file target.cif (mmCIF, C-alpha atoms and all ligand atoms)
data_entry
#
loop_
_atom_site.label_atom_id
_atom_site.label_comp_id
_atom_site.auth_asym_id
_atom_site.auth_seq_id
_atom_site.Cartn_x
_atom_site.Cartn_y
_atom_site.Cartn_z
CA ASN A 9 -42.98 0.22 -2.25
CA GLY A 10 -42.61 -0.70 1.39
CA ALA A 11 -40.02 -3.36 0.66
CA VAL A 12 -37.58 -4.34 3.38
CA ARG A 13 -34.05 -3.30 2.55
CA VAL A 14 -31.24 -5.76 2.98
CA ASN A 15 -28.91 -4.27 5.50
CA MET A 16 -27.03 -7.39 6.38
CA SER A 17 -23.35 -6.92 5.94
CA ASN A 18 -21.88 -9.12 3.27
CA VAL A 19 -18.22 -8.27 3.61
CA ASP A 20 -17.47 -11.94 4.32
CA SER A 21 -19.27 -13.18 1.23
CA PRO A 22 -17.02 -14.93 -1.29
CA LEU A 23 -18.69 -12.69 -3.88
CA GLN A 24 -16.44 -9.96 -2.55
CA ILE A 25 -13.56 -11.58 -4.46
CA PHE A 26 -15.28 -10.43 -7.64
CA VAL A 27 -16.52 -7.13 -6.20
CA ARG A 28 -13.03 -6.15 -5.00
CA ALA A 29 -11.32 -7.31 -8.20
CA LYS A 30 -13.81 -5.28 -10.22
CA LYS A 31 -13.14 -2.17 -8.16
CA LYS A 32 -9.40 -2.64 -8.49
CA ILE A 33 -9.42 -3.15 -12.24
CA ASN A 34 -11.76 -0.16 -12.62
CA ASP A 35 -9.29 2.00 -10.67
CA ILE A 36 -6.44 0.77 -12.84
CA PHE A 37 -8.36 1.70 -15.97
CA VAL A 38 -9.00 5.20 -14.55
CA GLU A 39 -5.20 5.52 -14.31
CA ILE A 40 -4.68 4.16 -17.83
CA ASP A 41 -7.28 6.66 -19.03
CA ASP A 42 -5.35 9.55 -17.40
CA TYR A 43 -2.09 8.29 -18.82
CA VAL A 44 -3.47 8.03 -22.36
CA LYS A 45 -5.04 11.51 -22.11
CA ASP A 46 -1.73 12.96 -20.89
CA ALA A 47 -0.01 11.31 -23.84
CA VAL A 48 -2.55 12.91 -26.22
CA THR A 49 -1.94 16.37 -24.70
CA PHE A 50 1.78 15.86 -25.13
CA MET A 51 1.35 14.70 -28.72
CA HIS A 52 -0.72 17.81 -29.53
CA ALA A 53 2.12 19.96 -28.22
CA VAL A 54 4.71 18.32 -30.45
CA THR A 55 2.64 17.97 -33.64
CA GLY A 56 2.29 20.54 -36.42
CA GLU A 57 4.62 22.83 -38.30
CA ASN A 58 8.23 22.24 -37.27
CA GLY A 59 6.87 19.66 -34.80
CA ILE A 60 8.47 16.29 -34.22
CA ALA A 61 5.27 14.22 -34.48
CA THR A 62 3.18 13.76 -37.61
CA PRO A 63 -0.63 14.10 -37.61
CA GLN A 64 -0.71 10.31 -38.11
CA ASP A 65 1.31 9.80 -34.89
CA LEU A 66 -1.18 12.01 -33.08
CA ALA A 67 -4.19 10.13 -34.52
CA ASN A 68 -2.65 6.79 -33.50
CA VAL A 69 -2.32 7.86 -29.87
CA GLU A 70 -5.74 9.55 -29.87
CA ALA A 71 -7.36 6.26 -30.94
CA TYR A 72 -6.44 4.75 -27.56
CA VAL A 73 -8.77 7.18 -25.76
CA SER A 74 -11.86 5.54 -27.26
CA LYS A 75 -10.40 2.05 -26.82
CA VAL A 76 -9.93 2.67 -23.10
CA GLN A 77 -13.39 4.22 -22.89
CA ALA A 78 -14.93 1.13 -24.51
CA ILE A 79 -13.19 -1.20 -22.05
CA ARG A 80 -14.34 0.95 -19.13
CA GLU A 81 -17.92 0.69 -20.40
CA VAL A 82 -17.70 -3.12 -20.63
CA LEU A 83 -16.10 -3.25 -17.18
CA LYS A 84 -18.97 -1.28 -15.67
CA ARG A 85 -21.40 -3.86 -17.04
CA ASP A 86 -19.33 -6.93 -16.15
CA HIS A 87 -21.18 -9.25 -13.83
CA MET A 88 -21.30 -12.83 -12.62
CA LYS A 89 -23.86 -14.89 -14.43
CA VAL A 90 -25.59 -18.04 -13.24
CA ALA A 91 -28.04 -19.96 -15.42
CA PHE A 92 -30.62 -22.39 -14.03
CA PHE A 93 -31.79 -25.40 -15.98
CA GLY A 94 -33.99 -28.40 -15.37
CA ARG A 95 -37.38 -29.75 -16.26
CA THR A 96 -40.50 -27.60 -15.79
CA SER A 97 -41.76 -27.51 -12.22
CA ASN A 98 -38.57 -28.86 -10.69
CA GLY A 99 -38.40 -25.57 -8.82
CA LYS A 100 -36.01 -23.34 -10.76
CA SER A 101 -37.97 -20.16 -10.07
CA THR A 102 -38.37 -21.09 -6.41
CA VAL A 103 -34.60 -21.65 -6.06
CA ILE A 104 -33.93 -18.23 -7.61
CA ASN A 105 -36.48 -16.58 -5.32
CA ALA A 106 -34.97 -18.28 -2.25
CA MET A 107 -31.52 -17.06 -3.25
CA LEU A 108 -32.87 -13.54 -3.68
CA HIS A 109 -34.72 -13.76 -0.32
CA ASP A 110 -37.94 -12.66 -1.97
CA LYS A 111 -40.72 -13.80 -4.27
CA ILE A 112 -39.54 -12.08 -7.40
CA LEU A 113 -40.23 -14.61 -10.13
CA PRO A 114 -43.66 -16.12 -10.51
CA SER A 115 -43.64 -19.83 -9.79
CA GLY A 116 -46.04 -22.72 -9.97
CA ILE A 117 -48.36 -24.10 -12.52
CA GLY A 118 -50.05 -21.61 -14.79
CA HIS A 119 -46.99 -19.60 -15.40
CA THR A 120 -45.40 -20.82 -18.54
CA THR A 121 -41.98 -19.45 -18.99
CA ASN A 122 -41.19 -20.26 -22.53
CA CYS A 123 -38.84 -17.35 -22.47
CA PHE A 124 -35.65 -16.73 -20.54
CA LEU A 125 -35.93 -14.45 -17.53
CA GLN A 126 -32.80 -12.62 -16.53
CA VAL A 127 -32.97 -11.03 -13.08
CA GLU A 128 -30.47 -8.26 -12.55
CA GLY A 129 -29.95 -5.25 -10.31
CA SER A 130 -31.60 -1.96 -11.14
CA ASP A 131 -29.79 1.18 -10.03
CA THR A 132 -33.01 2.95 -9.16
CA ASP A 133 -35.73 2.07 -6.70
CA GLU A 134 -37.93 0.86 -9.53
CA SER A 135 -38.56 -2.68 -10.63
CA PHE A 136 -39.37 -3.17 -14.28
CA LEU A 137 -39.29 -5.53 -17.26
CA ARG A 138 -37.62 -5.00 -20.57
CA THR A 139 -37.67 -7.40 -23.48
CA GLU A 140 -34.47 -7.94 -25.39
CA GLY A 141 -34.02 -5.44 -28.19
CA SER A 142 -36.64 -3.01 -26.89
CA GLU A 143 -36.14 0.13 -24.84
CA GLU A 144 -39.64 0.07 -23.39
CA LYS A 145 -39.77 -0.31 -19.61
CA LEU A 146 -42.73 -2.12 -18.10
CA ASN A 147 -43.11 -1.25 -14.47
CA VAL A 148 -43.83 -4.09 -12.08
CA GLN A 149 -44.55 -3.84 -8.38
CA SER A 150 -45.35 -7.42 -7.54
CA VAL A 151 -44.97 -11.00 -8.59
CA SER A 152 -48.53 -11.33 -9.81
CA GLN A 153 -48.06 -8.23 -11.89
CA LEU A 154 -44.85 -9.68 -13.27
CA GLY A 155 -46.71 -12.87 -14.23
CA HIS A 156 -49.43 -10.86 -15.96
CA ALA A 157 -46.91 -8.65 -17.68
CA LEU A 158 -45.10 -11.72 -18.99
CA CYS A 159 -48.33 -13.14 -20.37
CA ALA A 160 -49.40 -9.80 -21.82
CA THR A 161 -46.19 -9.15 -23.71
CA ARG A 162 -46.33 -11.32 -26.77
CA LEU A 163 -43.10 -13.16 -26.36
CA GLN A 164 -41.42 -15.27 -28.91
CA GLU A 165 -40.19 -18.56 -27.68
CA CYS A 166 -36.55 -18.36 -26.77
CA SER A 167 -36.62 -14.63 -26.22
CA LEU A 168 -34.99 -12.93 -23.28
CA VAL A 169 -36.82 -10.77 -20.76
CA HIS A 170 -34.77 -8.66 -18.37
CA VAL A 171 -36.26 -8.29 -14.92
CA TYR A 172 -34.67 -5.34 -13.15
CA TRP A 173 -35.05 -5.37 -9.38
CA PRO A 174 -33.67 -2.75 -6.95
CA ARG A 175 -30.14 -3.76 -6.00
CA GLU A 176 -30.61 -2.60 -2.46
CA LEU A 177 -33.27 -5.25 -1.88
CA CYS A 178 -31.09 -8.30 -2.61
CA ALA A 179 -27.50 -8.94 -1.60
CA LEU A 180 -26.80 -11.05 -4.71
CA LEU A 181 -28.01 -8.35 -7.07
CA ARG A 182 -26.07 -5.71 -5.20
CA ASP A 183 -22.89 -7.71 -5.72
CA ASP A 184 -23.49 -7.95 -9.50
CA VAL A 185 -24.86 -11.46 -9.78
CA VAL A 186 -27.24 -11.94 -12.70
CA LEU A 187 -29.60 -14.93 -12.50
CA VAL A 188 -31.13 -16.53 -15.57
CA ASP A 189 -34.22 -18.71 -15.36
CA SER A 190 -34.82 -20.91 -18.39
CA PRO A 191 -37.84 -22.60 -19.88
CA GLY A 192 -37.85 -26.26 -18.82
CA VAL A 193 -35.41 -28.33 -20.85
CA ASP A 194 -38.39 -30.57 -21.66
CA VAL A 195 -40.34 -27.73 -23.31
CA THR A 196 -38.36 -27.03 -26.42
CA PRO A 197 -35.86 -28.93 -28.49
CA ASN A 198 -33.84 -25.81 -29.38
CA LEU A 199 -31.14 -26.55 -26.86
CA ASP A 200 -28.30 -25.55 -29.19
CA GLU A 201 -29.80 -22.17 -29.86
CA TRP A 202 -30.33 -21.58 -26.12
CA ILE A 203 -26.78 -22.38 -25.31
CA ASP A 204 -25.38 -20.13 -28.01
CA LYS A 205 -27.65 -17.23 -27.12
CA TYR A 206 -27.75 -17.28 -23.35
CA CYS A 207 -25.15 -19.59 -21.91
CA LEU A 208 -21.80 -19.01 -23.51
CA ASP A 209 -20.96 -16.32 -20.98
CA ALA A 210 -22.47 -18.05 -17.93
CA ASP A 211 -19.96 -18.54 -15.12
CA VAL A 212 -21.99 -21.21 -13.36
CA PHE A 213 -24.80 -23.58 -14.35
CA VAL A 214 -27.24 -24.92 -11.80
CA LEU A 215 -29.20 -28.02 -12.68
CA VAL A 216 -32.35 -28.05 -10.59
CA ALA A 217 -33.32 -31.71 -10.44
CA ASN A 218 -36.24 -33.35 -8.77
CA ALA A 219 -35.18 -35.49 -5.82
CA GLU A 220 -38.36 -37.49 -6.26
CA SER A 221 -37.18 -38.87 -9.58
CA THR A 222 -33.84 -39.55 -11.24
CA LEU A 223 -31.95 -37.34 -13.67
CA MET A 224 -33.78 -37.39 -16.98
CA VAL A 225 -32.23 -37.90 -20.39
CA THR A 226 -33.39 -34.43 -21.51
CA GLU A 227 -31.62 -32.85 -18.52
CA LYS A 228 -28.47 -34.85 -19.16
CA ASN A 229 -28.52 -34.10 -22.90
CA PHE A 230 -28.63 -30.41 -22.26
CA PHE A 231 -25.45 -30.54 -20.19
CA HIS A 232 -23.76 -32.83 -22.71
CA LYS A 233 -24.32 -30.07 -25.26
CA VAL A 234 -23.11 -27.39 -22.86
CA SER A 235 -19.89 -29.26 -22.22
CA THR A 236 -19.16 -29.57 -25.94
CA LYS A 237 -19.37 -25.78 -26.29
CA ILE A 238 -17.80 -24.60 -23.05
CA SER A 239 -14.63 -26.11 -21.74
CA GLN A 240 -15.00 -27.28 -18.15
CA PRO A 241 -18.32 -25.60 -17.29
CA ASN A 242 -19.00 -25.15 -13.57
CA ILE A 243 -22.09 -27.22 -12.85
CA PHE A 244 -23.96 -27.58 -9.56
CA ILE A 245 -26.75 -30.09 -9.11
CA LEU A 246 -29.56 -29.28 -6.69
CA ASN A 247 -31.74 -32.22 -5.80
CA ASN A 248 -34.77 -30.12 -4.99
CA ARG A 249 -37.98 -31.11 -3.18
CA TRP A 250 -35.92 -33.03 -0.65
CA ASP A 251 -38.67 -32.20 1.87
CA ALA A 252 -40.57 -35.08 0.28
CA SER A 253 -38.05 -37.43 1.91
CA ALA A 254 -39.43 -36.45 5.33
CA SER A 255 -42.44 -38.63 4.69
CA GLU A 256 -40.27 -41.73 4.25
CA PRO A 257 -37.43 -41.31 6.76
CA GLU A 258 -36.52 -45.01 6.67
CA TYR A 259 -35.34 -44.73 3.05
CA LEU A 260 -33.76 -41.29 3.38
CA ASP A 261 -30.08 -42.31 3.50
CA GLN A 262 -30.48 -44.99 0.88
CA VAL A 263 -32.25 -42.68 -1.58
CA ARG A 264 -29.78 -39.89 -0.96
CA THR A 265 -26.77 -42.14 -1.59
CA GLN A 266 -28.34 -43.44 -4.77
CA HIS A 267 -29.04 -39.94 -6.11
CA ALA A 268 -25.64 -38.67 -5.04
CA ASN A 269 -23.80 -41.55 -6.74
CA ARG A 270 -25.69 -40.99 -9.98
CA CYS A 271 -24.97 -37.26 -9.92
CA VAL A 272 -21.26 -37.79 -9.17
CA ASP A 273 -21.12 -40.29 -11.99
CA PHE A 274 -22.83 -37.88 -14.35
CA LEU A 275 -20.47 -34.96 -13.61
CA SER A 276 -17.22 -36.89 -13.36
CA ARG A 277 -17.51 -39.88 -15.69
CA GLU A 278 -20.14 -38.84 -18.22
CA LEU A 279 -19.43 -35.13 -18.63
CA ARG A 280 -15.86 -35.30 -17.33
CA VAL A 281 -16.11 -31.76 -16.01
CA CYS A 282 -14.56 -32.58 -12.64
CA SER A 283 -13.14 -35.37 -10.51
CA PRO A 284 -15.50 -37.54 -8.42
CA LYS A 285 -14.24 -35.80 -5.29
CA GLU A 286 -14.94 -32.35 -6.70
CA ALA A 287 -18.33 -33.54 -7.91
CA GLU A 288 -19.30 -34.45 -4.34
CA GLU A 289 -18.88 -30.77 -3.45
CA ARG A 290 -21.26 -29.78 -6.23
CA ILE A 291 -24.29 -31.86 -5.26
CA PHE A 292 -26.87 -30.72 -2.71
CA PHE A 293 -30.16 -31.97 -1.33
CA ILE A 294 -32.41 -29.04 -0.61
CA SER A 295 -35.93 -27.74 -0.44
CA ALA A 296 -36.18 -24.42 -2.23
CA LYS A 297 -39.74 -24.00 -1.08
CA GLU A 298 -38.78 -24.28 2.59
CA ALA A 299 -35.72 -22.06 2.13
CA LEU A 300 -37.88 -19.37 0.54
CA LEU A 301 -40.48 -19.64 3.33
CA THR A 302 -37.81 -19.36 6.02
CA ARG A 303 -36.36 -16.29 4.40
CA MET A 304 -39.71 -14.63 3.82
CA ARG A 305 -40.42 -15.10 7.51
CA GLU A 306 -37.05 -13.65 8.47
CA ARG A 307 -38.01 -10.57 6.54
CA GLU A 308 -41.41 -10.50 8.16
CA LYS A 309 -43.21 -10.94 4.89
CA PRO A 310 -46.66 -12.52 5.06
CA VAL A 311 -46.43 -16.20 4.14
CA SER A 312 -48.82 -19.11 4.09
CA SER A 313 -48.34 -22.74 5.27
CA PRO A 314 -46.18 -22.10 8.29
CA ILE A 315 -45.63 -25.77 9.14
CA LEU A 316 -42.40 -27.13 7.78
CA ALA A 317 -41.67 -30.85 7.51
CA GLU A 318 -39.30 -32.76 9.77
CA GLY A 319 -35.63 -32.01 9.08
CA HIS A 320 -36.24 -28.62 7.49
CA GLN A 321 -33.37 -27.05 9.41
CA VAL A 322 -30.86 -29.54 8.03
CA ARG A 323 -32.16 -28.91 4.52
CA TYR A 324 -31.93 -25.17 5.09
CA PHE A 325 -28.31 -25.47 6.24
CA GLU A 326 -27.54 -27.46 3.13
CA PHE A 327 -29.12 -24.71 1.04
CA VAL A 328 -26.91 -22.11 2.78
CA ASP A 329 -23.90 -24.39 2.22
CA PHE A 330 -24.77 -24.56 -1.48
CA GLU A 331 -24.96 -20.77 -1.65
CA ARG A 332 -21.53 -20.35 -0.10
CA LYS A 333 -19.86 -22.86 -2.44
CA PHE A 334 -21.72 -21.36 -5.36
CA GLU A 335 -20.60 -17.82 -4.45
CA GLU A 336 -17.00 -18.92 -4.18
CA CYS A 337 -17.13 -20.72 -7.50
CA ILE A 338 -18.89 -17.97 -9.45
CA SER A 339 -16.74 -15.11 -8.20
CA LYS A 340 -13.46 -16.90 -8.88
CA SER A 341 -14.60 -18.07 -12.30
CA ALA A 342 -15.86 -14.62 -13.31
CA VAL A 343 -12.64 -12.92 -12.19
CA ARG A 344 -10.65 -15.40 -14.25
CA THR A 345 -12.70 -15.27 -17.42
CA LYS A 346 -13.64 -11.59 -17.44
CA PHE A 347 -10.85 -9.64 -15.83
CA ALA A 348 -7.88 -11.64 -17.13
CA GLN A 349 -8.78 -10.46 -20.62
CA HIS A 350 -9.21 -6.81 -19.56
CA SER A 351 -5.93 -6.73 -17.70
CA ARG A 352 -4.13 -8.13 -20.76
CA ARG A 353 -5.68 -5.40 -22.92
CA GLY A 354 -4.80 -2.72 -20.36
CA LYS A 355 -1.19 -3.86 -20.28
CA ASN A 356 -0.98 -3.85 -24.08
CA ILE A 357 -2.47 -0.36 -24.35
CA ALA A 358 -0.02 1.03 -21.79
CA ALA A 359 2.88 -0.61 -23.65
CA GLU A 360 1.71 0.60 -27.07
CA VAL A 361 1.28 4.22 -25.91
CA MET A 362 4.70 4.05 -24.29
CA ALA A 363 6.18 2.77 -27.58
CA ALA A 364 4.58 5.69 -29.45
CA LEU A 365 6.03 8.19 -26.95
CA GLU A 366 9.40 6.50 -27.15
CA GLN A 367 9.37 6.87 -30.89
CA ILE A 368 8.71 10.61 -30.55
CA TYR A 369 11.53 10.82 -28.02
CA ASN A 370 13.88 9.05 -30.43
CA THR A 371 12.91 11.36 -33.29
CA ALA A 372 13.57 14.36 -31.05
CA SER A 373 16.95 12.97 -30.01
CA ASP A 374 17.89 12.31 -33.65
CA GLN A 375 16.92 15.85 -34.62
CA LYS A 376 18.98 17.27 -31.78
CA ALA A 377 22.00 15.19 -32.76
CA ALA A 378 21.61 16.33 -36.38
CA LYS A 379 21.57 19.98 -35.27
CA VAL A 380 24.70 19.52 -33.18
CA GLU A 381 26.47 17.89 -36.13
CA LYS A 382 25.43 20.75 -38.42
CA GLN A 383 26.87 23.22 -35.92
CA ARG A 384 30.10 21.26 -35.70
CA ILE A 385 30.53 21.32 -39.49
CA LEU A 386 29.76 25.03 -39.60
CA HIS A 387 32.28 25.60 -36.87
CA GLU A 388 34.92 23.68 -38.78
CA GLN A 389 34.19 25.66 -41.94
CA LEU A 390 34.51 28.93 -40.04
CA SER A 391 37.84 27.86 -38.55
CA ALA A 392 39.17 27.01 -42.00
CA ILE A 393 38.12 30.40 -43.32
CA GLU A 394 39.71 32.06 -40.32
CA GLU A 395 42.94 30.19 -40.99
CA GLN A 396 42.85 31.14 -44.64
CA LEU A 397 42.31 34.75 -43.71
CA THR A 398 45.26 34.69 -41.33
CA THR A 399 47.49 33.25 -44.04
CA ILE A 400 46.28 35.70 -46.62
CA THR A 401 46.77 38.66 -44.29
CA ARG A 402 50.25 37.45 -43.39
CA GLN A 403 51.14 37.09 -47.09
CA MET A 404 49.70 40.54 -47.84
CA LYS A 405 51.69 42.07 -45.02
CA ASP A 406 54.92 40.49 -46.35
CA LYS A 407 54.11 41.65 -49.86
CA ILE A 408 53.42 45.20 -48.69
CA ASN A 409 56.60 45.18 -46.62
CA ARG A 410 58.55 43.98 -49.57
CA MET A 411 56.94 46.65 -51.82
CA VAL A 412 57.70 49.37 -49.31
CA GLU A 413 61.26 48.16 -48.99
CA SER A 414 61.67 48.10 -52.78
CA VAL A 415 60.15 51.55 -53.12
CA GLU A 416 62.34 52.87 -50.35
CA HIS A 417 65.32 51.25 -52.05
CA LYS A 418 64.38 52.72 -55.41
CA VAL A 419 63.88 56.16 -53.83
CA SER A 420 67.22 56.06 -52.06
CA LEU A 421 68.86 54.94 -55.29
CA THR A 422 67.27 57.84 -57.18
CA LEU A 423 68.26 60.27 -54.46
CA SER A 424 71.84 59.11 -54.46
CA GLN A 425 72.22 59.53 -58.20
P1 LIG B 501 -39.95 -24.20 -12.35
O1 LIG B 501 -40.95 -24.47 -13.42
O2 LIG B 501 -38.79 -25.13 -12.44
O3 LIG B 501 -39.52 -22.77 -12.29
O4 LIG B 501 -40.65 -24.57 -10.96
P2 LIG B 501 -41.31 -23.60 -9.91
O5 LIG B 501 -40.28 -22.91 -9.09
O6 LIG B 501 -42.32 -22.76 -10.59
O7 LIG B 501 -41.99 -24.65 -8.94
C1 LIG B 501 -43.07 -25.47 -9.36
C2 LIG B 501 -43.90 -25.85 -8.14
O8 LIG B 501 -43.12 -26.64 -7.25
C3 LIG B 501 -44.36 -24.65 -7.32
O9 LIG B 501 -45.68 -24.86 -6.92
C4 LIG B 501 -43.44 -24.64 -6.12
O10 LIG B 501 -44.04 -24.09 -4.96
C5 LIG B 501 -43.14 -26.10 -5.95
N1 LIG B 501 -41.85 -26.33 -5.31
C6 LIG B 501 -40.66 -25.74 -5.63
N2 LIG B 501 -39.68 -26.16 -4.82
C7 LIG B 501 -40.23 -27.06 -3.97
C8 LIG B 501 -39.71 -27.85 -2.90
O11 LIG B 501 -38.53 -27.82 -2.55
N3 LIG B 501 -40.60 -28.66 -2.27
C9 LIG B 501 -41.90 -28.73 -2.62
N4 LIG B 501 -42.66 -29.54 -1.94
N5 LIG B 501 -42.42 -28.01 -3.61
C10 LIG B 501 -41.61 -27.18 -4.29
#
call {"tool": "encode", "arguments": {"input": "target.cif", "output": "structure tokens", "more": "lines below"}}
Ligand code: GDP
result
Amino acid sequence: NGAVRVNMSNVDSPLQIFVRAKKKINDIFVEIDDYVKDAVTFMHAVTGENGIATPQDLANVEAYVSKVQAIREVLKRDHMKVAFFGRTSNGKSTVINAMLHDKILPSGIGHTTNCFLQVEGSDTDESFLRTEGSEEKLNVQSVSQLGHALCATRLQECSLVHVYWPRELCALLRDDVVLVDSPGVDVTPNLDEWIDKYCLDADVFVLVANAESTLMVTEKNFFHKVSTKISQPNIFILNNRWDASASEPEYLDQVRTQHANRCVDFLSRELRVCSPKEAEERIFFISAKEALLTRMREREKPVSSPILAEGHQVRYFEFVDFERKFEECISKSAVRTKFAQHSRRGKNIAAEVMAALEQIYNTASDQKAAKVEKQRILHEQLSAIEEQLTTITRQMKDKINRMVESVEHKVSLTLSQ
């Protein structure tokens, strides 16, 4: 579709922490898979008539094959998930597009996302939509088409629409980041349901706030709920539309300090998800619209309104700084939450299969010892018989000798008469 491929190298990206860990744990599970299959082959050889293992022993070891397979399937699908929240029109879709270096999600007034949009990598060159619970793929080539498709599909509020986009077009998607855009927190009161359905496995939350106003109660409430359900959620706050500050440069520092203090206070004292110092590293003043424009230009995509407001470079650097801190946070968090569990399971499986093999080994050893003992007893019995035979033969010999002597004696007596 004529799209520009991302060929920038991202070996330095902090996302590689996750990418490398995923590769490593996948390799380990390939080995565990081989090990379990070898164990099954061995068990087959020692089960059956006169065998040492029972069919139940064999079935127990065989069950690990599907367990390992299931974990490998989950591992393949494991990703890093970031969810964006904030009031409608704060710029959530624009932030996501800027991070993906392309206009993927429709943004602006007219597009009402009362559903969740989950952007993830597609392994083919196609881009398509799929609603949760349906197998039907809806091909999309462009943003406007995506907008139309979203309107055309009769979506229930609070439903999830997967947007698959070719991995090769976006570095984030290639590295297994999944981005979730939400309906504005002001649109629906079903915050609890949202959190349970779409957020419990999110590694990072991004609150897209409007730098032209203060944090709203609805925005704060949402995160209060999140922090009751998830222990220590990773939250970033983007004060978007910071380009508006260019028109009032005399108040810039003052407004920024005020916003920053309120955000630090919210994260550290109200939510208690981090210390004030850590909170300072989680708050950014950006312009998603400018960042997207800059990136579209870099990729030589046609864009309108080429004039950017004073200070756009500084805002762009801050956006890049946000991305780096975000990448570091999400990859570390995902490795911890996702892979720690898999590696524990892997260790347990290896130990359990080993215990099963050990048991077979012990049974075999016991049987061997029993056979040796049987032979020893048999040997003893034979020796006793041998001894008895020797005694009997000796006695017989004596008896015969004596008989012969007596006969000889009797004969000589008879002869001498
Ligand atoms: P959402 O409803 O939170 O997803 O918001 P959108 O991303 O759809 O943005 C709503 C409108 O705000 C769009 O017209 C955007 O172009 C505009 N917008 C987004 N970010 C910025 C920004 O940083 N500065 C300015 N001036 N406008 C922005």
call {"tool": "residues_near_ligand", "arguments": {"input": "target.cif", "ligand": "ligand LIG 501 (chain B)", "cutoff": "6 Å", "atoms": "all atoms listed in the file", "output": "PDB file with C-alpha atoms, in the coordinates of the input"}}
result
ATOM      1  CA  THR A  96     -40.500 -27.600 -15.790  1.00  0.00           C
ATOM      2  CA  SER A  97     -41.760 -27.510 -12.220  1.00  0.00           C
ATOM      3  CA  ASN A  98     -38.570 -28.860 -10.690  1.00  0.00           C
ATOM      4  CA  GLY A  99     -38.400 -25.570  -8.820  1.00  0.00           C
ATOM      5  CA  LYS A 100     -36.010 -23.340 -10.760  1.00  0.00           C
ATOM      6  CA  SER A 101     -37.970 -20.160 -10.070  1.00  0.00           C
ATOM      7  CA  THR A 102     -38.370 -21.090  -6.410  1.00  0.00           C
ATOM      8  CA  SER A 115     -43.640 -19.830  -9.790  1.00  0.00           C
ATOM      9  CA  GLY A 116     -46.040 -22.720  -9.970  1.00  0.00           C
ATOM     10  CA  ASN A 248     -34.770 -30.120  -4.990  1.00  0.00           C
ATOM     11  CA  ARG A 249     -37.980 -31.110  -3.180  1.00  0.00           C
ATOM     12  CA  ASP A 251     -38.670 -32.200   1.870  1.00  0.00           C
ATOM     13  CA  SER A 295     -35.930 -27.740  -0.440  1.00  0.00           C
ATOM     14  CA  ALA A 296     -36.180 -24.420  -2.230  1.00  0.00           C
ATOM     15  CA  LYS A 297     -39.740 -24.000  -1.080  1.00  0.00           C
TER      16      LYS A 297
END
call {"tool": "atom_distance", "arguments": {"input": "target.cif", "atom1": "CA of Gln425 (chain A)", "atom2": "CA of Lys407 (chain A)"}}
result
26.8 Å
call {"tool": "residues_around", "arguments": {"input": "target.cif", "residues": "Ile60 (chain A)", "least_positions_apart": "2", "cutoff": "12 Å", "atoms": "all atoms listed in the file", "output": "ChimeraX atom specification"}}
result
/A:50-58,62-66,365,367-376
call {"tool": "atom_distance", "arguments": {"input": "target.cif", "atom1": "CA of Lys346 (chain A)", "atom2": "CA of Glu128 (chain A)"}}
result
17.8 Å
call {"tool": "atom_distance", "arguments": {"input": "target.cif", "atom1": "CA of Ile203 (chain A)", "atom2": "CA of Cys337 (chain A)"}}
result
20.3 Å
call {"tool": "residues_around", "arguments": {"input": "target.cif", "residues": "Ala358 (chain A)", "least_positions_apart": "5", "cutoff": "12 Å", "atoms": "only C-alpha atoms", "output": "MDAnalysis selection string"}}
result
chainID A and resid 36:37 39:45 47 69 72:73 75:76 351:353 363:365
call {"tool": "closest_residue", "arguments": {"input": "target.cif", "among": "A:Glu298, A:Asp183, A:Glu394, A:Asp133", "to": "Leu316 (chain A)", "atoms": "all atoms listed in the file"}}
result
A:Glu298
call {"tool": "closest_residue", "arguments": {"input": "target.cif", "among": "A:Ile238, A:His232, A:Ser276, A:Phe293", "to": "Arg264 (chain A)", "atoms": "all atoms listed in the file"}}
result
A:Phe293
call {"tool": "closest_residue", "arguments": {"input": "target.cif", "among": "A:Gln24, A:Glu413, A:Arg323, A:Ala29", "to": "Val343 (chain A)", "atoms": "all atoms listed in the file"}}
result
A:Ala29
call {"tool": "residues_around", "arguments": {"input": "target.cif", "residues": "Val272 (chain A)", "least_positions_apart": "6", "cutoff": "7 Å", "atoms": "all atoms listed in the file", "output": "PDB file with C-alpha atoms, keeping the file's coordinate frame"}}
result
ATOM      1  CA  PRO A 284     -15.500 -37.540  -8.420  1.00  0.00           C
ATOM      2  CA  ALA A 287     -18.330 -33.540  -7.910  1.00  0.00           C
ATOM      3  CA  GLU A 288     -19.300 -34.450  -4.340  1.00  0.00           C
TER       4      GLU A 288
END
call {"tool": "residues_around", "arguments": {"input": "target.cif", "residues": "region 205-211 of chain A", "least_positions_apart": "4", "cutoff": "8 Å", "atoms": "all atoms listed in the file", "output": "list in words"}}
result
Met88, Lys89, Val90, Ala91, Glu201, Lys237, Ile238, Pro241, Asn242, Ile338, Ser341 and Ala342 of chain A
call {"tool": "write_last_selection", "arguments": {"input": "target.cif", "atoms": "C-alpha atoms", "output": "short mmCIF file (atom, residue, chain, number, x, y, z; two decimals), keeping the file's coordinate frame"}}
result
data_model
loop_
_atom_site.label_atom_id
_atom_site.label_comp_id
_atom_site.auth_asym_id
_atom_site.auth_seq_id
_atom_site.Cartn_x
_atom_site.Cartn_y
_atom_site.Cartn_z
CA MET A 88 -21.30 -12.83 -12.62
CA LYS A 89 -23.86 -14.89 -14.43
CA VAL A 90 -25.59 -18.04 -13.24
CA ALA A 91 -28.04 -19.96 -15.42
CA GLU A 201 -29.80 -22.17 -29.86
CA LYS A 237 -19.37 -25.78 -26.29
CA ILE A 238 -17.80 -24.60 -23.05
CA PRO A 241 -18.32 -25.60 -17.29
CA ASN A 242 -19.00 -25.15 -13.57
CA ILE A 338 -18.89 -17.97 -9.45
CA SER A 341 -14.60 -18.07 -12.30
CA ALA A 342 -15.86 -14.62 -13.31
#
